[in-house]
Protein chains: 2
Amino acid sequence: MLSKNVYIIGAGEAKYGELWDRSLRDIAVEAGLKAVEDAGIRTRDLGAIYMSNSLGGDISMQEHLSALMSDHAGIATEFIPSMRIEASTASGGAAIREGYLAIKSGEYDIVMVGGAEKMTELYGNENIDITSSILDREWEAFEGATPAALAALSARKYIKDFNIPKEILAKLSVNDHLNASLNENAHFRNKITVEQALKATMIAEPLNLMDCAPLSDGASSIILASEDYVRKNGVEGVKMLSSAMSQGPFALHSRECIYSVEPTKRAARKALEDAKTKPEDISFVEVHDSYNIYGLMALEDLGFAEKGKAGKLIEEGIGLNDKLPVNPSGGLKAKGFPYGATGVGQAVEAYLQLKGKANKRQIKNPTKAMIHNMAGSGVASVVHILGVE
Amino acid sequence: MLSKNVYIIGAGEAKYGELWDRSLRDIAVEAGLKAVEDAGIRTRDLGAIYMSNSLGGDISMQEHLSALMSDHAGIATEFIPSMRIEASTASGGAAIREGYLAIKSGEYDIVMVGGAEKMTELYGNENIDITSSILDREWEAFEGATPAALAALSARKYIKDFNIPKEILAKLSVNDHLNASLNENAHFRNKITVEQALKATMIAEPLNLMDCAPLSDGASSIILASEDYVRKNGVEGVKMLSSAMSQGPFALHSRECIYSVEPTKRAARKALEDAKTKPEDISFVEVHDSYNIYGLMALEDLGFAEKGKAGKLIEEGIGLNDKLPVNPSGGLKAKGFPYGATGVGQAVEAYLQLKGKANKRQIKNPTKAMIHNMAGSGVASVVHILGVE
């Protein structure tokens, strides 16, 4: 039956971090089975599995992670179809979108959307080489551009054009670390100060270590269900109010403006429109801050501040008790950045917050969440708005 | 608007082969734009792009192929969302399924499903190592199993249990080469004899070079449209009568039987049921014969012969003018085997045949086609049935 609405009815995660003793399949299975348990379903209820993963082939020499995960979860005998969704660091958001559309199509009642990444098996220069696989290899990576170098270009131009102090960027990282200190699944649980953030080792001027998200291992998983399922079973899920994705030019040099991400703007506009809502009605936002400059840019592109004005919003406060809490999960900087898991992890956070299950980092009575997952330096963005009545 | 039915309205391909002078992005763009032209649409009519690719990250160090393709096709300024679909060698079938479900959900009217792979950039032992990324790396590849070795195990057991002569397998390859000699986009255009096939260099006993599909470069693309679009524009597309996918245990050692692929059986049963049709009503079939033993097994698992009896069907004839033409395109053995493009290429062939546009290899008045795309040694299968009235 066609499903007008789609709900998140469960979520699970494997802790983000440097998981030297665990394999890609291990953490994917853990997150998946926890989500199944949380949703109160059985594995055989799953109609399909969408598994987000960005670099498993390059790092672990393992493709087809979706099949591996279901095999090692012990559910291969259910013969549940699965596939891997890849859209660089926006793979998670893209996978959620596929689960959402598949349920809307009426093909399935229940779908698992998982994301997993094992980044720490990289060593030395492999790191820069392999993470650059998500750039345009021939036009960017071959010329020596790295993800950090590209982010630094945007940061320099932004800082110059709008004359903002570097403290503004640092405050985003400080906020991420503070929230992550309350998140048991976060990679970094330590709080940092603005002074510490400003003094860290330089990576790509003006961005230092505290401006950049880490390479993390981690896995996240959610269970989506149709309106029919939710009604019949009296389940109170989190409603997916809208799902939007947009994609533009790949390389930074092809963009009209290097501190505005057109796909983010378009996806946000569409998501807000479809959800019949406005930025001021959003209770909290998870932004894709692989570099804090990208987090700042996103706040503007998503509609929470005018271009050049996100600094003011950050100054006014983006904490858990402020008007617009940003990255209650700890964000990419401190919860961690396992590429393919990131977007799904944002949905896990939104689900927990909207269900009032976020423990020590619970925001007071949130009703609508926006989650923003971006590919690389902004070639594509996926925006979802989730809500409870 | 929700779409009850989905149609293929255009198709395009970049020639399969060893394309030393062309890059992954080149061939992906060529196939995509040819499909757009064939469908008589404009690129800005595309709602989304699904790009199938299996090993781009490992071979070309390039992830996020979907974004790269649309960028280099010159359509990034349309801001069309895209993502890569990966399910090993069944990526193409899986991508078609995602396009199908996305249109059924009502989200898009027109979608491009492309597939591209550049296999020949592999060299030496890299070949075995990287193509083994689609196996269970820790439980199969690390122990020395390769795709060819696993296929050989199935072949030995099948030949022993059913006492068939090796000529039966050879005939599948001979048929592929004969059909490919009539296909301008095929990797190998040369005909071969049974004697030649039997005398080729041994790869993994009992499978020799002529029993194994080659590593090819190549790209294929199709355009899918909703019922609403087709009606409004008076387009006569090829109807997607059904789409089914199933997935079972990953490693060969986890299966109940090593010459029967349960996901193929289940996907075929579901596809036939949903299309309200029977194997005897299928005009022709494209089977996933990465090794001819897999082609033979598929003929049985898809329902065209009982287990152990496909030899009889092959003896009776599987040519273009026979009762059940098999692999009119030339199949994986001779049209070629660019992993992620393969499943989409099968749909291109079905479209051309059903529209009467297959030139010298045209089958007489076909009405229904079955296409079968398999992952690795059989962990997953996707079956589509397509038809014209």
# chains A, B, ... in the order shown; residues from 1 in each chain; ligands from 1
call {"tool": "closest_atom_pairs", "arguments": {"of": "chain B", "to": "chain A", "cutoff": "7 Å", "atoms": "only C-alpha atoms", "output": "CSV"}}
result
residue,atom,partner,partner_atom,distance
B:Gly57,CA,A:Asp58,CA,6.0
B:Asp58,CA,A:Asp58,CA,5.2
B:Met61,CA,A:Ser133,CA,5.3
B:Gln62,CA,A:Ser133,CA,4.7
B:Glu63,CA,A:Ile134,CA,5.2
B:His64,CA,A:Ala87,CA,5.2
B:Ala67,CA,A:Phe250,CA,6.6
B:Leu68,CA,A:Phe250,CA,6.5
B:Asp71,CA,A:Pro249,CA,5.6
B:Ala76,CA,A:Gly248,CA,4.6
B:Thr77,CA,A:Gly248,CA,6.0
B:Phe79,CA,A:Gln247,CA,4.7
B:Ile80,CA,A:Gln247,CA,5.6
B:Pro81,CA,A:Ser246,CA,4.5
B:Ser82,CA,A:Gln247,CA,6.9
B:Met83,CA,A:Ala87,CA,5.1
B:Arg84,CA,A:Glu86,CA,5.0
B:Ile85,CA,A:Ile85,CA,5.1
B:Glu86,CA,A:Arg84,CA,5.0
B:Ala87,CA,A:Met83,CA,5.1
B:Ser88,CA,A:His64,CA,5.4
B:Leu101,CA,A:Ser105,CA,5.8
B:Ala102,CA,A:Leu101,CA,5.8
B:Lys104,CA,A:Ser105,CA,5.1
B:Ser105,CA,A:Ser105,CA,3.7
B:Ser133,CA,A:Gln62,CA,4.7
B:Ile134,CA,A:Glu63,CA,5.2
B:Asp136,CA,A:Leu68,CA,6.9
B:Arg137,CA,A:Gln62,CA,6.0
B:Met245,CA,A:Pro81,CA,5.5
B:Ser246,CA,A:Pro81,CA,4.5
B:Gln247,CA,A:Phe79,CA,4.7
B:Gly248,CA,A:Ala76,CA,4.6
B:Pro249,CA,A:Ala76,CA,4.9
B:Phe250,CA,A:Asp71,CA,6.2
B:Pro263,CA,A:Phe79,CA,6.8
call {"tool": "residues_around", "arguments": {"residues": "range 222-232 of chain B", "least_positions_apart": "6", "cutoff": "9 Å", "atoms": "only C-alpha atoms", "output": "PDB file with N, CA and C atoms, in the first residue's frame"}}
result
ATOM      1  N   MET B   1       2.767  13.100  -8.283  1.00  0.00           N
ATOM      2  CA  MET B   1       1.653  12.135  -8.350  1.00  0.00           C
ATOM      3  C   MET B   1       2.208  10.696  -8.317  1.00  0.00           C
ATOM      4  N   LEU B   2       1.565   9.847  -7.544  1.00  0.00           N
ATOM      5  CA  LEU B   2       1.996   8.456  -7.474  1.00  0.00           C
ATOM      6  C   LEU B   2       1.843   7.811  -8.843  1.00  0.00           C
ATOM      7  N   SER B   3       2.805   6.995  -9.217  1.00  0.00           N
ATOM      8  CA  SER B   3       2.762   6.381 -10.542  1.00  0.00           C
ATOM      9  C   SER B   3       2.554   4.889 -10.416  1.00  0.00           C
ATOM     10  N   LYS B   4       1.471   4.388 -10.963  1.00  0.00           N
ATOM     11  CA  LYS B   4       1.197   2.958 -10.877  1.00  0.00           C
ATOM     12  C   LYS B   4       2.224   2.187 -11.687  1.00  0.00           C
ATOM     13  N   ASN B   5       2.519   2.684 -12.866  1.00  0.00           N
ATOM     14  CA  ASN B   5       3.465   1.986 -13.722  1.00  0.00           C
ATOM     15  C   ASN B   5       4.657   2.857 -14.081  1.00  0.00           C
ATOM     16  N   VAL B   6       5.727   2.179 -14.414  1.00  0.00           N
ATOM     17  CA  VAL B   6       6.976   2.870 -14.766  1.00  0.00           C
ATOM     18  C   VAL B   6       7.428   2.359 -16.133  1.00  0.00           C
ATOM     19  N   TYR B   7       7.970   3.246 -16.952  1.00  0.00           N
ATOM     20  CA  TYR B   7       8.354   2.900 -18.318  1.00  0.00           C
ATOM     21  C   TYR B   7       9.807   3.278 -18.607  1.00  0.00           C
ATOM     22  N   ILE B   8      10.446   2.475 -19.440  1.00  0.00           N
ATOM     23  CA  ILE B   8      11.749   2.873 -19.981  1.00  0.00           C
ATOM     24  C   ILE B   8      11.460   3.619 -21.272  1.00  0.00           C
ATOM     25  N   ILE B   9      11.933   4.859 -21.366  1.00  0.00           N
ATOM     26  CA  ILE B   9      11.613   5.650 -22.560  1.00  0.00           C
ATOM     27  C   ILE B   9      12.849   6.013 -23.385  1.00  0.00           C
ATOM     28  N   GLY B  10      14.008   5.571 -22.944  1.00  0.00           N
ATOM     29  CA  GLY B  10      15.211   5.865 -23.727  1.00  0.00           C
ATOM     30  C   GLY B  10      16.394   5.076 -23.213  1.00  0.00           C
ATOM     31  N   ALA B  11      17.378   4.897 -24.080  1.00  0.00           N
ATOM     32  CA  ALA B  11      18.564   4.130 -23.688  1.00  0.00           C
ATOM     33  C   ALA B  11      19.778   4.607 -24.472  1.00  0.00           C
ATOM     34  N   GLY B  12      20.929   4.507 -23.852  1.00  0.00           N
ATOM     35  CA  GLY B  12      22.169   4.876 -24.528  1.00  0.00           C
ATOM     36  C   GLY B  12      23.339   4.099 -23.950  1.00  0.00           C
ATOM     37  N   GLU B  13      24.373   3.915 -24.785  1.00  0.00           N
ATOM     38  CA  GLU B  13      25.537   3.181 -24.301  1.00  0.00           C
ATOM     39  C   GLU B  13      26.838   3.769 -24.855  1.00  0.00           C
ATOM     40  N   ALA B  31      27.146   7.697 -22.287  1.00  0.00           N
ATOM     41  CA  ALA B  31      25.944   6.851 -22.194  1.00  0.00           C
ATOM     42  C   ALA B  31      24.750   7.662 -21.710  1.00  0.00           C
ATOM     43  N   GLY B  32      24.986   8.511 -20.714  1.00  0.00           N
ATOM     44  CA  GLY B  32      23.897   9.299 -20.150  1.00  0.00           C
ATOM     45  C   GLY B  32      23.275  10.255 -21.153  1.00  0.00           C
ATOM     46  N   ALA B  35      21.265   8.539 -23.841  1.00  0.00           N
ATOM     47  CA  ALA B  35      19.951   8.087 -23.358  1.00  0.00           C
ATOM     48  C   ALA B  35      18.962   9.245 -23.319  1.00  0.00           C
ATOM     49  N   VAL B  36      19.443  10.417 -22.884  1.00  0.00           N
ATOM     50  CA  VAL B  36      18.597  11.611 -22.842  1.00  0.00           C
ATOM     51  C   VAL B  36      18.115  11.953 -24.253  1.00  0.00           C
ATOM     52  N   ASP B  38      17.962   9.902 -26.851  1.00  0.00           N
ATOM     53  CA  ASP B  38      17.075   8.844 -27.333  1.00  0.00           C
ATOM     54  C   ASP B  38      15.662   9.005 -26.770  1.00  0.00           C
ATOM     55  N   ALA B  39      15.575   9.481 -25.517  1.00  0.00           N
ATOM     56  CA  ALA B  39      14.264   9.627 -24.872  1.00  0.00           C
ATOM     57  C   ALA B  39      13.536  10.886 -25.349  1.00  0.00           C
ATOM     58  N   LEU B  46      15.191  15.859 -15.968  1.00  0.00           N
ATOM     59  CA  LEU B  46      15.551  14.768 -15.056  1.00  0.00           C
ATOM     60  C   LEU B  46      15.275  15.166 -13.607  1.00  0.00           C
ATOM     61  N   ILE B  96      18.467   0.264 -11.131  1.00  0.00           N
ATOM     62  CA  ILE B  96      17.201   0.295 -11.879  1.00  0.00           C
ATOM     63  C   ILE B  96      16.030   0.210 -10.906  1.00  0.00           C
ATOM     64  N   GLY B  99      15.449   3.533  -9.233  1.00  0.00           N
ATOM     65  CA  GLY B  99      14.779   4.466 -10.138  1.00  0.00           C
ATOM     66  C   GLY B  99      13.291   4.145 -10.235  1.00  0.00           C
ATOM     67  N   TYR B 100      13.009   2.862 -10.336  1.00  0.00           N
ATOM     68  CA  TYR B 100      11.630   2.358 -10.425  1.00  0.00           C
ATOM     69  C   TYR B 100      10.822   2.766  -9.181  1.00  0.00           C
ATOM     70  N   ILE B 103      10.150   6.596  -8.878  1.00  0.00           N
ATOM     71  CA  ILE B 103       9.045   7.078  -9.714  1.00  0.00           C
ATOM     72  C   ILE B 103       7.710   6.610  -9.155  1.00  0.00           C
ATOM     73  N   LYS B 104       7.656   5.365  -8.702  1.00  0.00           N
ATOM     74  CA  LYS B 104       6.413   4.860  -8.092  1.00  0.00           C
ATOM     75  C   LYS B 104       5.993   5.695  -6.885  1.00  0.00           C
ATOM     76  N   GLY B 106       6.117   8.711  -6.550  1.00  0.00           N
ATOM     77  CA  GLY B 106       5.527   9.985  -6.965  1.00  0.00           C
ATOM     78  C   GLY B 106       6.487  11.150  -6.850  1.00  0.00           C
ATOM     79  N   TYR B 108       9.354  11.732  -8.495  1.00  0.00           N
ATOM     80  CA  TYR B 108       9.896  12.195  -9.772  1.00  0.00           C
ATOM     81  C   TYR B 108       9.058  11.690 -10.942  1.00  0.00           C
ATOM     82  N   ASP B 109       9.092  12.438 -12.036  1.00  0.00           N
ATOM     83  CA  ASP B 109       8.438  11.988 -13.265  1.00  0.00           C
ATOM     84  C   ASP B 109       9.433  11.281 -14.171  1.00  0.00           C
ATOM     85  N   ILE B 110      10.680  11.773 -14.158  1.00  0.00           N
ATOM     86  CA  ILE B 110      11.699  11.208 -15.039  1.00  0.00           C
ATOM     87  C   ILE B 110      12.999  11.027 -14.263  1.00  0.00           C
ATOM     88  N   VAL B 111      13.607   9.890 -14.448  1.00  0.00           N
ATOM     89  CA  VAL B 111      14.830   9.562 -13.727  1.00  0.00           C
ATOM     90  C   VAL B 111      15.827   8.918 -14.680  1.00  0.00           C
ATOM     91  N   MET B 112      17.102   9.249 -14.523  1.00  0.00           N
ATOM     92  CA  MET B 112      18.130   8.544 -15.289  1.00  0.00           C
ATOM     93  C   MET B 112      18.762   7.466 -14.416  1.00  0.00           C
ATOM     94  N   VAL B 113      18.905   6.281 -14.995  1.00  0.00           N
ATOM     95  CA  VAL B 113      19.662   5.233 -14.312  1.00  0.00           C
ATOM     96  C   VAL B 113      20.864   4.898 -15.189  1.00  0.00           C
ATOM     97  N   GLY B 114      22.027   5.227 -14.697  1.00  0.00           N
ATOM     98  CA  GLY B 114      23.242   4.963 -15.457  1.00  0.00           C
ATOM     99  C   GLY B 114      24.115   3.951 -14.752  1.00  0.00           C
ATOM    100  N   VAL B 344      22.538  -2.434 -16.039  1.00  0.00           N
ATOM    101  CA  VAL B 344      21.868  -1.385 -16.824  1.00  0.00           C
ATOM    102  C   VAL B 344      21.949  -1.760 -18.310  1.00  0.00           C
ATOM    103  N   GLY B 345      23.075  -2.332 -18.726  1.00  0.00           N
ATOM    104  CA  GLY B 345      23.229  -2.782 -20.111  1.00  0.00           C
ATOM    105  C   GLY B 345      22.188  -3.827 -20.496  1.00  0.00           C
ATOM    106  N   ALA B 347      19.195  -3.933 -19.375  1.00  0.00           N
ATOM    107  CA  ALA B 347      17.947  -3.191 -19.600  1.00  0.00           C
ATOM    108  C   ALA B 347      17.979  -2.471 -20.944  1.00  0.00           C
ATOM    109  N   VAL B 348      19.158  -1.993 -21.327  1.00  0.00           N
ATOM    110  CA  VAL B 348      19.298  -1.355 -22.641  1.00  0.00           C
ATOM    111  C   VAL B 348      18.937  -2.374 -23.727  1.00  0.00           C
ATOM    112  N   TYR B 351      15.220  -3.092 -23.816  1.00  0.00           N
ATOM    113  CA  TYR B 351      14.524  -1.943 -24.407  1.00  0.00           C
ATOM    114  C   TYR B 351      14.643  -1.981 -25.933  1.00  0.00           C
TER     115      TYR B 351
END
call {"tool": "residues_around", "arguments": {"residues": "Ala170 in chain A", "least_positions_apart": "3", "cutoff": "10 Å", "atoms": "only C-alpha atoms", "output": "PyMOL selection string"}}
result
chain A and resi 165-167+173-176+192-198+207-208+210-211+292-293
call {"tool": "write_last_selection", "arguments": {"atoms": "C-alpha atoms", "output": "PDB file, in the first residue's frame"}}
result
ATOM      1  CA  PRO A 165      37.203  37.098  14.191  1.00  0.00           C
ATOM      2  CA  LYS A 166      38.515  33.539  14.228  1.00  0.00           C
ATOM      3  CA  GLU A 167      36.787  33.102  17.640  1.00  0.00           C
ATOM      4  CA  SER A 173      33.926  23.562  17.860  1.00  0.00           C
ATOM      5  CA  VAL A 174      33.616  24.443  21.551  1.00  0.00           C
ATOM      6  CA  ASN A 175      29.847  23.914  21.319  1.00  0.00           C
ATOM      7  CA  ASP A 176      30.335  20.543  19.601  1.00  0.00           C
ATOM      8  CA  ILE A 192      37.512  22.523  25.117  1.00  0.00           C
ATOM      9  CA  THR A 193      37.809  26.285  25.572  1.00  0.00           C
ATOM     10  CA  VAL A 194      37.959  28.947  22.883  1.00  0.00           C
ATOM     11  CA  GLU A 195      41.586  29.617  23.893  1.00  0.00           C
ATOM     12  CA  GLN A 196      42.509  25.950  23.431  1.00  0.00           C
ATOM     13  CA  ALA A 197      40.696  25.850  20.105  1.00  0.00           C
ATOM     14  CA  LEU A 198      42.605  28.878  18.828  1.00  0.00           C
ATOM     15  CA  LEU A 207      42.072  26.063   9.917  1.00  0.00           C
ATOM     16  CA  ASN A 208      43.787  24.260  12.776  1.00  0.00           C
ATOM     17  CA  MET A 210      40.237  22.135  16.360  1.00  0.00           C
ATOM     18  CA  ASP A 211      38.532  23.502  13.238  1.00  0.00           C
ATOM     19  CA  ASN A 292      33.572  24.456  11.348  1.00  0.00           C
ATOM     20  CA  ILE A 293      33.548  26.927   8.441  1.00  0.00           C
TER      21      ILE A 293
END
call {"tool": "select_by_dssp", "arguments": {"residues": "range 218-266 of chain A", "states": "alpha helix (DSSP H)", "output": "ChimeraX atom specification"}}
result
/A:227-232,262-266
call {"tool": "atom_distance", "arguments": {"atom1": "CA of Leu178 in chain A", "atom2": "CA of Lys191 in chain A"}}
result
5.1 Å
call {"tool": "residues_around", "arguments": {"residues": "range 365-370 of chain A", "least_positions_apart": "5", "cutoff": "7 Å", "atoms": "only C-alpha atoms", "output": "count of residues only"}}
result
14
call {"tool": "select_by_dssp", "arguments": {"residues": "range 39-232 of chain A", "states": "strand (DSSP E or B)", "output": "PyMOL selection string"}}
result
chain A and resi 48-52+82-87+89+110-118+202-204+207-208+212+217-226
call {"tool": "write_last_selection", "arguments": {"atoms": "N, CA and C atoms", "output": "CSV table (one decimal), in the first residue's frame"}}
result
chain,number,residue,atom,x,y,z
A,48,ALA,N,13.6,-4.2,3.4
A,48,ALA,CA,14.9,-3.9,2.7
A,48,ALA,C,15.9,-3.3,3.7
A,49,ILE,N,17.1,-3.3,3.3
A,49,ILE,CA,18.2,-2.7,4.0
A,49,ILE,C,19.0,-1.7,3.1
A,50,TYR,N,19.0,-0.5,3.5
A,50,TYR,CA,19.9,0.5,2.8
A,50,TYR,C,21.1,0.8,3.7
A,51,MET,N,22.3,0.5,3.1
A,51,MET,CA,23.5,0.7,4.0
A,51,MET,C,24.3,1.8,3.3
A,52,SER,N,24.5,2.8,4.1
A,52,SER,CA,25.4,3.9,3.6
A,52,SER,C,26.8,3.7,4.0
A,82,SER,N,19.1,-5.8,-0.1
A,82,SER,CA,19.9,-4.7,0.4
A,82,SER,C,20.8,-4.1,-0.6
A,83,MET,N,21.2,-2.9,-0.4
A,83,MET,CA,22.2,-2.3,-1.3
A,83,MET,C,22.9,-1.2,-0.5
A,84,ARG,N,24.1,-0.8,-1.1
A,84,ARG,CA,24.8,0.3,-0.5
A,84,ARG,C,24.5,1.6,-1.2
A,85,ILE,N,24.4,2.6,-0.5
A,85,ILE,CA,24.1,4.0,-1.1
A,85,ILE,C,25.4,4.8,-0.9
A,86,GLU,N,25.9,5.4,-1.9
A,86,GLU,CA,27.1,6.2,-1.8
A,86,GLU,C,26.9,7.6,-2.4
A,87,ALA,N,27.1,8.6,-1.7
A,87,ALA,CA,27.1,10.0,-2.2
A,87,ALA,C,28.2,10.7,-1.3
A,89,THR,N,30.4,12.0,1.5
A,89,THR,CA,30.0,12.2,3.0
A,89,THR,C,28.6,12.4,3.2
A,110,ILE,N,8.5,-1.7,6.3
A,110,ILE,CA,9.6,-1.4,7.2
A,110,ILE,C,10.9,-1.6,6.5
A,111,VAL,N,11.8,-0.6,6.7
A,111,VAL,CA,13.1,-0.6,6.1
A,111,VAL,C,14.2,-0.2,7.1
A,112,MET,N,15.3,-0.8,7.0
A,112,MET,CA,16.4,-0.4,7.8
A,112,MET,C,17.4,0.5,7.0
A,113,VAL,N,17.8,1.7,7.6
A,113,VAL,CA,18.8,2.5,7.0
A,113,VAL,C,20.0,2.5,7.9
A,114,GLY,N,21.1,1.9,7.5
A,114,GLY,CA,22.3,1.9,8.3
A,114,GLY,C,23.4,2.7,7.7
A,115,GLY,N,24.3,3.1,8.5
A,115,GLY,CA,25.5,3.7,7.9
A,115,GLY,C,26.7,3.3,8.8
A,116,ALA,N,27.8,2.9,8.1
A,116,ALA,CA,29.0,2.5,8.9
A,116,ALA,C,30.2,2.9,8.1
A,117,GLU,N,31.3,3.2,8.9
A,117,GLU,CA,32.6,3.6,8.3
A,117,GLU,C,33.7,3.3,9.2
A,118,LYS,N,34.7,2.7,8.7
A,118,LYS,CA,35.9,2.4,9.5
A,118,LYS,C,37.1,3.2,8.9
A,202,MET,N,48.3,23.9,13.4
A,202,MET,CA,47.7,24.3,12.1
A,202,MET,C,47.6,23.2,11.2
A,203,ILE,N,46.5,23.1,10.4
A,203,ILE,CA,46.3,22.1,9.4
A,203,ILE,C,46.4,22.7,8.0
A,204,ALA,N,45.5,23.6,7.8
A,204,ALA,CA,45.5,24.3,6.5
A,204,ALA,C,45.1,25.7,6.8
A,207,LEU,N,42.7,27.1,9.1
A,207,LEU,CA,42.1,26.1,9.9
A,207,LEU,C,43.1,25.2,10.7
A,208,ASN,N,42.9,25.1,12.0
A,208,ASN,CA,43.8,24.3,12.8
A,208,ASN,C,43.1,23.0,13.2
A,212,CYS,N,38.8,21.2,12.5
A,212,CYS,CA,38.5,20.1,11.5
A,212,CYS,C,37.9,18.9,12.3
A,217,ASP,N,35.8,6.0,13.4
A,217,ASP,CA,35.0,4.8,13.1
A,217,ASP,C,33.7,5.0,13.7
A,218,GLY,N,32.6,4.3,13.2
A,218,GLY,CA,31.3,4.4,13.9
A,218,GLY,C,30.2,3.9,13.0
A,219,ALA,N,29.1,3.6,13.6
A,219,ALA,CA,28.0,3.1,12.8
A,219,ALA,C,26.7,3.6,13.5
A,220,SER,N,25.7,3.9,12.6
A,220,SER,CA,24.4,4.4,13.1
A,220,SER,C,23.3,3.7,12.3
A,221,SER,N,22.2,3.5,12.8
A,221,SER,CA,21.1,2.8,12.1
A,221,SER,C,19.7,3.3,12.6
A,222,ILE,N,18.8,3.4,11.7
A,222,ILE,CA,17.4,3.8,12.0
A,222,ILE,C,16.5,2.8,11.3
A,223,ILE,N,15.3,2.7,11.9
A,223,ILE,CA,14.2,1.9,11.2
A,223,ILE,C,13.1,2.8,10.8
A,224,LEU,N,12.8,2.7,9.5
A,224,LEU,CA,11.7,3.5,9.0
A,224,LEU,C,10.4,2.6,8.8
A,225,ALA,N,9.2,3.2,9.0
A,225,ALA,CA,8.0,2.5,8.8
A,225,ALA,C,6.9,3.3,8.2
A,226,SER,N,6.0,2.6,7.5
A,226,SER,CA,4.9,3.3,6.8
A,226,SER,C,3.9,3.7,7.8
call {"tool": "decode", "arguments": {"residues": "range 128-167 of chain B", "atoms": "C-alpha atoms", "output": "tab-separated table (two decimals), in the first residue's frame"}}
result
chain	number	residue	atom	x	y	z
B	128	ILE	CA	42.52	-10.44	-8.35
B	129	ASP	CA	42.86	-8.36	-5.22
B	130	ILE	CA	40.45	-5.62	-6.22
B	131	THR	CA	37.84	-7.77	-7.94
B	132	SER	CA	37.82	-9.82	-4.72
B	133	SER	CA	36.51	-6.72	-2.92
B	134	ILE	CA	33.06	-7.94	-3.91
B	135	LEU	CA	33.56	-11.20	-1.99
B	136	ASP	CA	33.56	-11.48	1.79
B	137	ARG	CA	37.09	-10.12	2.24
B	138	GLU	CA	37.78	-11.68	5.64
B	139	TRP	CA	36.15	-15.07	5.10
B	140	GLU	CA	36.80	-15.68	1.41
B	141	ALA	CA	39.39	-13.40	-0.20
B	142	PHE	CA	41.90	-13.55	2.68
B	143	GLU	CA	41.86	-17.37	2.40
B	144	GLY	CA	42.83	-17.18	-1.26
B	145	ALA	CA	39.42	-17.60	-2.84
B	146	THR	CA	38.93	-15.54	-6.01
B	147	PRO	CA	35.75	-14.99	-8.02
B	148	ALA	CA	36.98	-17.52	-10.64
B	149	ALA	CA	37.93	-20.10	-8.02
B	150	LEU	CA	34.48	-19.91	-6.45
B	151	ALA	CA	32.77	-20.30	-9.83
B	152	ALA	CA	35.00	-23.31	-10.50
B	153	LEU	CA	33.81	-24.97	-7.30
B	154	SER	CA	30.20	-24.63	-8.43
B	155	ALA	CA	31.09	-25.91	-11.91
B	156	ARG	CA	32.94	-29.00	-10.61
B	157	LYS	CA	30.11	-29.99	-8.31
B	158	TYR	CA	27.46	-29.38	-10.96
B	159	ILE	CA	29.35	-31.38	-13.60
B	160	LYS	CA	29.90	-34.23	-11.14
B	161	ASP	CA	26.33	-34.37	-9.80
B	162	PHE	CA	24.58	-34.10	-13.17
B	163	ASN	CA	27.26	-35.72	-15.32
B	164	ILE	CA	27.11	-33.11	-18.10
B	165	PRO	CA	29.78	-32.78	-20.77
B	166	LYS	CA	31.90	-29.63	-20.73
B	167	GLU	CA	30.51	-28.82	-24.22
